Amino acid sequence: MRPLLRVTDVRKYFPIREGLFVQKEVGRVHAVDGVSLEVRAGETLGIVGESGCGKSTLARCITGLYPVTSGSIEFDGDPRREVQMIFQDPYGSLNPRRRIGSIIADPLVIHRVGTKAERRRRVQELMELVGLNPEHFNRFPAEFSGGQRQRIGIARALALRPRLVVCDEPVSALDVSIQAQVINLLKDLQAELGLTYVFIAHDLSVVRYVSDRVAVMYLGRIVETAAGEDLYKLPRHPYTNALLSAASVADPDLSARRERIVLTGDVPSPIAPPSGCRFHPRCPKAMPKCVTDDPRLLAQGRPEGGHLAACHFPVEPGERLGSEKAQIE
Ligand code: SF4
Ligand code: MG
């Protein structure tokens, strides 16, 4: 079956320029550095990684907000109308001086859909769909709570009846008590409207409840991808293992099986990524080969299982990485 979205070896570099009069390129941020993935109709692909790993940049490439430096993004349909985005910040992504009815109607106006009266009806229908009172279309964003503002963002993203919705950390700016409500709304909408999601988050416990498959990003690359539960049961990449051990603090279901691994240091600079395996400066399993050889994404376990990891020394079943070496903070 043809995937709904196919991303092939996409790179997105941002030039760094210096100079007062004549600007000269002095380096490039390798925000996304060779990402390939496929998303099938009706599924949710979770993309996880620390801040700065390139996941938001990848999201913006997929939705067409950023042109790619190289590689290709193929969508089975009209990407301008059928790919929409829900943003992380429900405060910053809504213009405070505009009424929410006109914010939600924006995509309809831009794409010249319907008459003014039809758009009004569609806006009220969308408000009802996301659990907002349709009578409130004349109110301003400040009159709504964070969770309600994210519902406004969701209504706007759905206005053109997209097939693919890219959700960039849709709940990370919200109170924990509100997060589950918004996630459940997204799941209900997916079932009702047959939506396909790319769901971006910085921790694995949030994507666990929404994703069919999960891809883990580190410094502009995908380092591991698998069907959701395979990834949680047996992460093969040491980075995924460390992320899971961090997530387990908030998720007792995971902590029973795992000791906490504290990764030392920050994510290295994407201007000059480390040689060999980009994770080697922080990896508890790093060997000399890791410093020189860049590991490719290779099948783990059954080849048809779709579990891939980019590591020379993948984590074995039962292997404990919470050693003293890994726990230095
Ligand atoms: Fe760690 Fe080496 Fe695997 Fe990279 S290739 S994750 S440094 S063991
Ligand atoms: Mg981000």
# chains A, B, ... in the order shown; residues from 1 in each chain; ligands from 1
>>> residues_around(residues="stretch 269-286 of chain A", least_positions_apart="6", cutoff="9 Å", atoms="only C-alpha atoms", output="PyMOL selection string")
chain A and resi 27-31+52-53+218-220+238-239+263+292-295+310-315+321-323+325-327
>>> write_last_selection(atoms="N, CA and C atoms", output="mmCIF file, in the first residue's frame")
data_model
loop_
_atom_site.group_PDB
_atom_site.id
_atom_site.type_symbol
_atom_site.label_atom_id
_atom_site.label_comp_id
_atom_site.auth_asym_id
_atom_site.auth_seq_id
_atom_site.Cartn_x
_atom_site.Cartn_y
_atom_site.Cartn_z
ATOM 1 N N GLY A 27 28.906 29.054 8.989
ATOM 2 C CA GLY A 27 28.592 27.695 9.443
ATOM 3 C C GLY A 27 27.144 27.398 9.130
ATOM 4 N N ARG A 28 26.745 26.168 9.412
ATOM 5 C CA ARG A 28 25.357 25.812 9.184
ATOM 6 C C ARG A 28 24.844 24.938 10.313
ATOM 7 N N VAL A 29 23.631 25.231 10.764
ATOM 8 C CA VAL A 29 23.001 24.376 11.757
ATOM 9 C C VAL A 29 22.359 23.206 11.017
ATOM 10 N N HIS A 30 22.815 21.996 11.344
ATOM 11 C CA HIS A 30 22.261 20.801 10.701
ATOM 12 C C HIS A 30 21.034 20.354 11.481
ATOM 13 N N ALA A 31 19.912 21.090 11.329
ATOM 14 C CA ALA A 31 18.750 20.841 12.185
ATOM 15 C C ALA A 31 18.129 19.478 11.899
ATOM 16 N N GLY A 52 15.823 20.665 20.604
ATOM 17 C CA GLY A 52 17.015 20.881 19.796
ATOM 18 C C GLY A 52 17.389 19.694 18.921
ATOM 19 N N CYS A 53 16.597 18.614 18.953
ATOM 20 C CA CYS A 53 16.965 17.440 18.145
ATOM 21 C C CYS A 53 16.478 17.570 16.705
ATOM 22 N N TYR A 218 17.613 12.046 17.381
ATOM 23 C CA TYR A 218 18.746 12.592 18.134
ATOM 24 C C TYR A 218 19.606 13.390 17.168
ATOM 25 N N LEU A 219 19.845 14.651 17.485
ATOM 26 C CA LEU A 219 20.691 15.517 16.666
ATOM 27 C C LEU A 219 20.396 15.424 15.172
ATOM 28 N N GLY A 220 19.140 15.619 14.800
ATOM 29 C CA GLY A 220 18.793 15.717 13.389
ATOM 30 C C GLY A 220 18.566 14.407 12.664
ATOM 31 N N PRO A 238 20.819 2.772 22.818
ATOM 32 C CA PRO A 238 21.075 3.261 24.178
ATOM 33 C C PRO A 238 20.396 4.607 24.472
ATOM 34 N N TYR A 239 20.221 5.437 23.463
ATOM 35 C CA TYR A 239 19.551 6.713 23.696
ATOM 36 C C TYR A 239 18.069 6.500 24.025
ATOM 37 N N LEU A 263 21.559 10.955 31.559
ATOM 38 C CA LEU A 263 22.485 11.292 30.484
ATOM 39 C C LEU A 263 23.286 12.500 30.901
ATOM 40 N N THR A 292 34.420 6.719 15.274
ATOM 41 C CA THR A 292 34.841 6.856 13.881
ATOM 42 C C THR A 292 33.770 6.446 12.875
ATOM 43 N N ASP A 293 32.927 5.457 13.215
ATOM 44 C CA ASP A 293 31.985 4.915 12.217
ATOM 45 C C ASP A 293 30.554 5.346 12.528
ATOM 46 N N ASP A 294 29.923 5.915 11.526
ATOM 47 C CA ASP A 294 28.545 6.389 11.648
ATOM 48 C C ASP A 294 27.601 5.190 11.466
ATOM 49 N N PRO A 295 26.859 4.772 12.493
ATOM 50 C CA PRO A 295 26.012 3.581 12.325
ATOM 51 C C PRO A 295 24.787 3.865 11.453
ATOM 52 N N ALA A 310 19.967 2.560 14.819
ATOM 53 C CA ALA A 310 21.281 2.944 14.294
ATOM 54 C C ALA A 310 22.293 2.864 15.424
ATOM 55 N N CYS A 311 22.859 1.678 15.633
ATOM 56 C CA CYS A 311 23.810 1.490 16.729
ATOM 57 C C CYS A 311 24.695 0.290 16.424
ATOM 58 N N HIS A 312 26.007 0.449 16.683
ATOM 59 C CA HIS A 312 26.929 -0.671 16.466
ATOM 60 C C HIS A 312 26.772 -1.758 17.526
ATOM 61 N N PHE A 313 26.318 -1.365 18.711
ATOM 62 C CA PHE A 313 26.224 -2.328 19.825
ATOM 63 C C PHE A 313 24.856 -2.215 20.491
ATOM 64 N N PRO A 314 23.801 -2.675 19.778
ATOM 65 C CA PRO A 314 22.444 -2.475 20.306
ATOM 66 C C PRO A 314 22.260 -3.133 21.669
ATOM 67 N N VAL A 315 21.353 -2.575 22.450
ATOM 68 C CA VAL A 315 21.045 -3.100 23.777
ATOM 69 C C VAL A 315 20.422 -4.482 23.622
ATOM 70 N N LEU A 321 21.665 -1.015 31.643
ATOM 71 C CA LEU A 321 22.582 0.081 31.316
ATOM 72 C C LEU A 321 22.693 1.081 32.454
ATOM 73 N N GLY A 322 21.988 0.834 33.526
ATOM 74 C CA GLY A 322 22.032 1.785 34.636
ATOM 75 C C GLY A 322 23.292 1.594 35.466
ATOM 76 N N SER A 323 24.416 1.400 34.798
ATOM 77 C CA SER A 323 25.680 1.153 35.501
ATOM 78 C C SER A 323 26.204 2.447 36.107
ATOM 79 N N LYS A 325 28.799 3.946 35.336
ATOM 80 C CA LYS A 325 29.300 4.776 34.242
ATOM 81 C C LYS A 325 28.188 5.680 33.697
ATOM 82 N N ALA A 326 26.990 5.136 33.613
ATOM 83 C CA ALA A 326 25.897 5.901 33.023
ATOM 84 C C ALA A 326 25.255 6.855 34.012
ATOM 85 N N GLN A 327 25.508 6.614 35.300
ATOM 86 C CA GLN A 327 24.752 7.389 36.268
ATOM 87 C C GLN A 327 25.450 8.651 36.760
#
>>> residues_around(residues="A:Pro170", least_positions_apart="6", cutoff="9 Å", atoms="only C-alpha atoms", output="MDAnalysis selection string")
chainID A and resid 86:90 150 179 182:183 199:201
>>> residues_around(residues="stretch 102-106 of chain A", least_positions_apart="2", cutoff="7 Å", atoms="only C-alpha atoms", output="list in words")
Arg98, Arg99, Ile100, Leu108, Val109, Ile110, Arg119, Val123, Ile152, Ala155 and Arg156 of chain A
>>> write_last_selection(atoms="C-alpha atoms", output="compact mmCIF listing (two decimals), in the first residue's frame")
# COMPACT_ATOMS: atom_id res chain seq x y z
CA ARG A 98 -8.67 38.73 16.76
CA ARG A 99 -11.94 37.00 17.58
CA ILE A 100 -11.66 33.25 17.67
CA LEU A 108 -11.21 28.84 4.77
CA VAL A 109 -10.66 32.48 3.82
CA ILE A 110 -7.14 31.83 2.51
CA ARG A 119 -17.88 29.86 6.79
CA VAL A 123 -16.70 27.58 12.26
CA ILE A 152 -9.20 26.60 19.09
CA ALA A 155 -10.46 23.60 15.20
CA ARG A 156 -8.40 25.87 12.94
>>> residues_near_ligand(ligand="ligand 2", cutoff="7 Å", atoms="only C-alpha atoms and all ligand atoms", output="list in words")
Ser51, Lys55, Ser56, Asp168 and Glu169 of chain A
>>> closest_residue(among="A:Asp33, A:Gly301, A:Val223, A:Gly42", to="A:Lys187", atoms="only C-alpha atoms")
A:Gly42
>>> select_by_dssp(residues="stretch 29-247 of chain A", states="helix (DSSP H, G or I)", output="ChimeraX atom specification")
/A:55-62,79-82,100-110,116-129,134-138,141-143,146-158,176-193,204-208,228-233,238-247
>>> write_last_selection(atoms="C-alpha atoms", output="mmCIF file, in the first residue's frame")
data_model
loop_
_atom_site.group_PDB
_atom_site.id
_atom_site.type_symbol
_atom_site.label_atom_id
_atom_site.label_comp_id
_atom_site.auth_asym_id
_atom_site.auth_seq_id
_atom_site.Cartn_x
_atom_site.Cartn_y
_atom_site.Cartn_z
ATOM 1 C CA LYS A 55 11.745 17.436 15.530
ATOM 2 C CA SER A 56 9.955 20.791 15.218
ATOM 3 C CA THR A 57 12.036 21.648 12.168
ATOM 4 C CA LEU A 58 11.083 18.299 10.635
ATOM 5 C CA ALA A 59 7.414 19.053 11.438
ATOM 6 C CA ARG A 60 7.691 22.377 9.649
ATOM 7 C CA CYS A 61 9.306 20.733 6.628
ATOM 8 C CA ILE A 62 6.487 18.169 6.456
ATOM 9 C CA PRO A 79 -0.336 19.056 0.759
ATOM 10 C CA ARG A 80 -1.437 22.695 0.980
ATOM 11 C CA ARG A 81 -4.942 21.790 2.060
ATOM 12 C CA GLU A 82 -4.633 18.269 3.381
ATOM 13 C CA ILE A 100 -11.659 33.249 17.668
ATOM 14 C CA GLY A 101 -14.304 32.791 14.969
ATOM 15 C CA SER A 102 -12.164 34.661 12.491
ATOM 16 C CA ILE A 103 -9.013 32.802 13.644
ATOM 17 C CA ILE A 104 -10.665 29.429 13.037
ATOM 18 C CA ALA A 105 -11.999 30.648 9.666
ATOM 19 C CA ASP A 106 -8.533 31.732 8.458
ATOM 20 C CA PRO A 107 -7.734 28.627 6.369
ATOM 21 C CA LEU A 108 -11.211 28.837 4.766
ATOM 22 C CA VAL A 109 -10.656 32.484 3.825
ATOM 23 C CA ILE A 110 -7.142 31.831 2.509
ATOM 24 C CA LYS A 116 -19.285 34.244 4.601
ATOM 25 C CA ALA A 117 -22.436 32.600 5.977
ATOM 26 C CA GLU A 118 -21.173 29.133 5.093
ATOM 27 C CA ARG A 119 -17.882 29.855 6.787
ATOM 28 C CA ARG A 120 -19.696 31.022 9.917
ATOM 29 C CA ARG A 121 -21.646 27.745 9.998
ATOM 30 C CA ARG A 122 -18.483 25.725 9.437
ATOM 31 C CA VAL A 123 -16.703 27.579 12.262
ATOM 32 C CA GLN A 124 -19.537 26.793 14.674
ATOM 33 C CA GLU A 125 -19.556 23.177 13.549
ATOM 34 C CA LEU A 126 -15.793 22.987 14.188
ATOM 35 C CA MET A 127 -16.164 24.599 17.611
ATOM 36 C CA GLU A 128 -18.735 22.005 18.549
ATOM 37 C CA LEU A 129 -16.510 19.219 17.210
ATOM 38 C CA PRO A 134 -20.273 27.500 19.325
ATOM 39 C CA GLU A 135 -21.950 30.640 20.691
ATOM 40 C CA HIS A 136 -18.525 31.922 21.775
ATOM 41 C CA PHE A 137 -17.141 32.635 18.299
ATOM 42 C CA ASN A 138 -17.072 36.376 19.007
ATOM 43 C CA PRO A 141 -8.330 34.205 22.929
ATOM 44 C CA ALA A 142 -7.674 35.756 26.361
ATOM 45 C CA GLU A 143 -11.184 34.738 27.434
ATOM 46 C CA GLY A 146 -4.957 27.064 27.938
ATOM 47 C CA GLY A 147 -6.776 23.827 27.147
ATOM 48 C CA GLN A 148 -9.577 25.720 25.389
ATOM 49 C CA ARG A 149 -7.053 27.697 23.372
ATOM 50 C CA GLN A 150 -5.478 24.480 22.202
ATOM 51 C CA ARG A 151 -8.983 23.384 21.142
ATOM 52 C CA ILE A 152 -9.200 26.602 19.092
ATOM 53 C CA GLY A 153 -5.895 25.677 17.429
ATOM 54 C CA ILE A 154 -7.228 22.197 16.705
ATOM 55 C CA ALA A 155 -10.458 23.603 15.201
ATOM 56 C CA ARG A 156 -8.396 25.874 12.945
ATOM 57 C CA ALA A 157 -6.213 22.939 11.858
ATOM 58 C CA LEU A 158 -9.313 20.910 10.953
ATOM 59 C CA VAL A 176 -0.891 17.964 33.462
ATOM 60 C CA SER A 177 -4.578 17.779 34.415
ATOM 61 C CA ILE A 178 -5.552 19.205 31.005
ATOM 62 C CA GLN A 179 -3.101 17.149 28.924
ATOM 63 C CA ALA A 180 -5.178 13.952 29.040
ATOM 64 C CA GLN A 181 -8.305 15.831 27.919
ATOM 65 C CA VAL A 182 -6.582 17.239 24.849
ATOM 66 C CA ILE A 183 -4.956 13.889 24.013
ATOM 67 C CA ASN A 184 -8.307 12.123 24.314
ATOM 68 C CA LEU A 185 -9.901 14.761 22.096
ATOM 69 C CA LEU A 186 -7.202 14.178 19.455
ATOM 70 C CA LYS A 187 -7.799 10.417 19.651
ATOM 71 C CA ASP A 188 -11.581 10.835 19.341
ATOM 72 C CA LEU A 189 -11.167 13.160 16.356
ATOM 73 C CA GLN A 190 -8.838 10.675 14.701
ATOM 74 C CA ALA A 191 -11.432 7.901 15.018
ATOM 75 C CA GLU A 192 -14.318 10.132 13.943
ATOM 76 C CA LEU A 193 -12.615 11.820 10.995
ATOM 77 C CA LEU A 204 8.067 8.804 25.478
ATOM 78 C CA SER A 205 5.276 8.478 28.020
ATOM 79 C CA VAL A 206 3.052 11.018 26.198
ATOM 80 C CA VAL A 207 3.399 9.418 22.757
ATOM 81 C CA ARG A 208 2.867 5.962 24.219
ATOM 82 C CA GLY A 228 5.028 1.417 19.786
ATOM 83 C CA GLU A 229 5.068 -1.514 22.200
ATOM 84 C CA ASP A 230 8.187 -3.082 20.639
ATOM 85 C CA LEU A 231 10.044 0.121 21.369
ATOM 86 C CA TYR A 232 8.849 0.225 24.966
ATOM 87 C CA LYS A 233 9.468 -3.447 25.650
ATOM 88 C CA PRO A 238 21.075 3.261 24.178
ATOM 89 C CA TYR A 239 19.551 6.713 23.696
ATOM 90 C CA THR A 240 16.010 5.328 23.576
ATOM 91 C CA ASN A 241 16.848 3.301 26.649
ATOM 92 C CA ALA A 242 17.930 6.453 28.466
ATOM 93 C CA LEU A 243 14.829 8.380 27.363
ATOM 94 C CA LEU A 244 12.644 5.543 28.616
ATOM 95 C CA SER A 245 14.381 5.501 31.949
ATOM 96 C CA ALA A 246 13.716 9.252 32.273
ATOM 97 C CA ALA A 247 10.052 8.795 31.286
#
>>> closest_residue(among="A:Asp76, A:Glu316, A:Asp266, A:Glu25", to="A:Pro3", atoms="only C-alpha atoms")
A:Asp76
>>> closest_residue(among="A:Val291, A:Leu298, A:Met85, A:Ala226", to="ligand 1", atoms="only C-alpha atoms and all ligand atoms")
A:Val291
